[in-house]
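See structure below.
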Amino acid sequence: MTAEKDPEGFERKHLHKFADFANKRVLEVGCGEGRLTWQYAAASTLTVGFDSDHDALRVARADAPHTMQKKVHFAEAGARNIPFANESFDIAVLAWSL
Amino acid sequence: MVHALDEIRRTLKPDGTLIDLRPVEDHWAVEIVSSASYQLAGRLTDVPIAVADDEAAFHAMREVESRGWYIKEKEEEFAFFYYWDTPSEMKEFMDEEWEGLEKMDANVFSAVKSTWTMANADARVRVRVKMLITKWISC
């Protein structure tokens, strides 16, 4: 039993309409299994997704396309203490997580 | 939430972009869709805890805006569809994945099943989720 999600690609279309990810450093908050990550990460210079769900991050890492393994990274963390330095990213994405 | 938004702001470069992408409760429609047409079969019931989550998120964004941490640049709504081959698959998914978050009343499920049964052979079931995307600039 699985659901097919957004086959029309409306989410991806709106995401790219609202932000230009080309050559940007992106922080994704609440990345979960990385479903959203793969919709923009290819354009970015660096994408870091973080989530407090250890199991979801395992899926995200396992699903990482070979071509993106150098530019996409996942970290286990909560949003109250984000483990990155000041002014590190150009774009932050709240991925169904606010 | 406000503290988390301040943390995100700390990690953003000056004039950085924050994209807030999330579903919002709005009695999401359950539709029967085939190659020929689509029909509204019913609507899900908004659950108080999910409505409260939405309100908390809106409150947090209003708060950080009032503090001058972020400026709203633009906002749009759009539909995000979940599809299943049968009403039973939809019900099973909702019971497992959306338990406590979305509620489908028995009469709505009956209407979905009967509408699907009478539709074309290629008919599928979908839920139309209302999505909100907002672009904020950090200050």
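Just so we're on the same page: first chain in the structure tokens is A, next is B, and so on; residues restart at 1 for each chain, and ligands are numbered from 1 in the order they show up.
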Please identify every residue of chain B that has at least one atom no farther than 7 Å from an atom of chain A, counting only C-alpha atoms, and for each give the shortest atom pair and the distance in Å to one decimal, arranged by chain then increasing number, as JSON lines.
```
{"residue": "B:His3", "atom": "CA", "partner": "A:Arg80", "partner_atom": "CA", "distance": 6.3}
{"residue": "B:Ala4", "atom": "CA", "partner": "A:Arg80", "partner_atom": "CA", "distance": 4.8}
{"residue": "B:Glu7", "atom": "CA", "partner": "A:Ile82", "partner_atom": "CA", "distance": 6.5}
{"residue": "B:Arg10", "atom": "CA", "partner": "A:Asn86", "partner_atom": "CA", "distance": 5.3}
{"residue": "B:Thr11", "atom": "CA", "partner": "A:Asn86", "partner_atom": "CA", "distance": 4.4}
{"residue": "B:Leu12", "atom": "CA", "partner": "A:Glu87", "partner_atom": "CA", "distance": 4.5}
{"residue": "B:Lys13", "atom": "CA", "partner": "A:Glu87", "partner_atom": "CA", "distance": 4.1}
{"residue": "B:Gly16", "atom": "CA", "partner": "A:Asp90", "partner_atom": "CA", "distance": 5.0}
{"residue": "B:Thr17", "atom": "CA", "partner": "A:Ile91", "partner_atom": "CA", "distance": 4.7}
{"residue": "B:Leu18", "atom": "CA", "partner": "A:Ala92", "partner_atom": "CA", "distance": 4.8}
{"residue": "B:Ile19", "atom": "CA", "partner": "A:Val93", "partner_atom": "CA", "distance": 4.7}
{"residue": "B:Asp20", "atom": "CA", "partner": "A:Leu94", "partner_atom": "CA", "distance": 4.8}
{"residue": "B:Leu21", "atom": "CA", "partner": "A:Trp96", "partner_atom": "CA", "distance": 5.5}
{"residue": "B:Arg22", "atom": "CA", "partner": "A:Trp96", "partner_atom": "CA", "distance": 4.2}
{"residue": "B:Pro23", "atom": "CA", "partner": "A:Trp96", "partner_atom": "CA", "distance": 6.8}
{"residue": "B:Ala57", "atom": "CA", "partner": "A:Leu98", "partner_atom": "CA", "distance": 5.8}
{"residue": "B:Phe80", "atom": "CA", "partner": "A:Asp6", "partner_atom": "CA", "distance": 5.5}
{"residue": "B:Phe81", "atom": "CA", "partner": "A:Asp6", "partner_atom": "CA", "distance": 5.0}
{"residue": "B:Tyr82", "atom": "CA", "partner": "A:Lys5", "partner_atom": "CA", "distance": 4.7}
{"residue": "B:Tyr83", "atom": "CA", "partner": "A:Glu4", "partner_atom": "CA", "distance": 5.0}
{"residue": "B:Trp84", "atom": "CA", "partner": "A:Ala3", "partner_atom": "CA", "distance": 5.5}
{"residue": "B:Glu89", "atom": "CA", "partner": "A:Met1", "partner_atom": "CA", "distance": 5.9}
{"residue": "B:Phe93", "atom": "CA", "partner": "A:Met1", "partner_atom": "CA", "distance": 6.6}
{"residue": "B:Lys135", "atom": "CA", "partner": "A:Phe18", "partner_atom": "CA", "distance": 6.5}
```
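Considering only chain A, backbone DSSP assigns strand (DSSP E or B) to Glu4, Lys5, Arg25, Val26, Leu27, Glu28, Val29, Leu46, Thr47, Val48, Gly49, Phe50, Asp51, Val72, His73, Phe74, Ala75, Glu76, Phe89, Asp90, Ile91, Ala92, Val93, Leu94 and Ala95 of chain A.
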Fill in: Who sits within 10 Å of Asp54 (chain B), only C-alpha atoms, same chain under 2 positions skipped, as a PyMOL selection string
(chain A and resi 98) or (chain B and resi 22-25+48-52+56-60)
task: Go through A:Glu76, A:Ala64, A:Lys71, A:Asp55 and flag the residue nearest Trp38 (chain A), using only C-alpha atoms for the distances.
output: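 Of A:Glu76, A:Ala64, A:Lys71, A:Asp55, the one nearest Trp38 (chain A), counting only C-alpha atoms, is A:Ala64.
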Q | Residues within 8 Å of Leu44 (chain B), only C-alpha atoms, excluding chain neighbours under 5 positions, as number ranges by chain | A | B: 27-30, 102-105, 108
Just C-alpha atoms for this one: save the residues we selected as an mmCIF file, in the first residue's frame.
```cif
data_model
loop_
_atom_site.group_PDB
_atom_site.id
_atom_site.type_symbol
_atom_site.label_atom_id
_atom_site.label_comp_id
_atom_site.auth_asym_id
_atom_site.auth_seq_id
_atom_site.Cartn_x
_atom_site.Cartn_y
_atom_site.Cartn_z
ATOM 1 C CA HIS B 27 -11.309 20.012 4.445
ATOM 2 C CA TRP B 28 -9.200 18.384 1.745
ATOM 3 C CA ALA B 29 -11.256 17.040 -1.150
ATOM 4 C CA VAL B 30 -11.380 13.340 -2.002
ATOM 5 C CA GLU B 102 -6.741 13.534 9.049
ATOM 6 C CA LYS B 103 -10.168 12.011 9.505
ATOM 7 C CA MET B 104 -12.408 10.459 6.878
ATOM 8 C CA ASP B 105 -15.964 9.998 8.113
ATOM 9 C CA VAL B 108 -17.484 9.987 3.050
#
```
### Message
To one decimal place in Å, what is the distance between CA of Leu40 (chain B) and CA of Gln39 (chain A)?
### Response
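Computing the Euclidean distance for CA of Leu40 (chain B) and CA of Gln39 (chain A) yields 29.5 Å.
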**OP:** Would you please extract all helix (DSSP H, G or I) residues from chain A, as assigned by DSSP on the backbone, and give them as number ranges by chain?
**Re:** A: 10-18, 37-39, 41-43, 54-63, 66-68
| query | For the atom pair CA of Pro87 (chain B) and CA of Asp63 (chain A), what is the interatomic distance in Å to one decimal place? | reply |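 These atoms are spaced 29.1 Å apart.
Interatomic distance, CA of Ile32 (chain B) against CA of Phe78 (chain B): 18.9 Å.
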*asked:* Residues near Ala42 (chain A), anyone? I mean within 10 Å using only C-alpha atoms, not counting same-chain ones fewer than 5 positions away, as a ChimeraX atom specification.
replied: /A:21-23,37,47,65,67-68,71-72
Write out, as a CSV table (one decimal), in the first residue's frame, the residues just selected, with N, CA and C atoms.
```csv
chain,number,residue,atom,x,y,z
A,21,PHE,N,17.9,27.9,-7.0
A,21,PHE,CA,18.9,27.2,-6.2
A,21,PHE,C,20.2,27.1,-6.9
A,22,ALA,N,20.4,27.6,-8.1
A,22,ALA,CA,21.6,27.5,-8.8
A,22,ALA,C,22.8,28.1,-8.1
A,23,ASN,N,23.8,27.3,-7.9
A,23,ASN,CA,25.0,27.8,-7.2
A,23,ASN,C,24.8,28.3,-5.8
A,37,THR,N,14.3,17.0,-1.0
A,37,THR,CA,15.7,17.3,-1.3
A,37,THR,C,16.0,17.1,-2.8
A,47,THR,N,23.9,21.1,-0.5
A,47,THR,CA,22.6,21.0,0.2
A,47,THR,C,22.9,20.2,1.5
A,65,PRO,N,21.2,9.8,-4.9
A,65,PRO,CA,21.8,9.4,-6.2
A,65,PRO,C,23.3,9.5,-6.2
A,67,THR,N,25.4,10.6,-8.2
A,67,THR,CA,25.9,11.9,-8.7
A,67,THR,C,25.8,13.0,-7.7
A,68,MET,N,25.0,12.8,-6.7
A,68,MET,CA,24.8,13.9,-5.7
A,68,MET,C,25.4,13.7,-4.3
A,71,LYS,N,27.6,16.5,-3.0
A,71,LYS,CA,27.1,17.8,-2.7
A,71,LYS,C,25.9,17.8,-1.7
A,72,VAL,N,25.4,16.7,-1.4
A,72,VAL,CA,24.2,16.6,-0.5
A,72,VAL,C,24.6,15.8,0.8
```
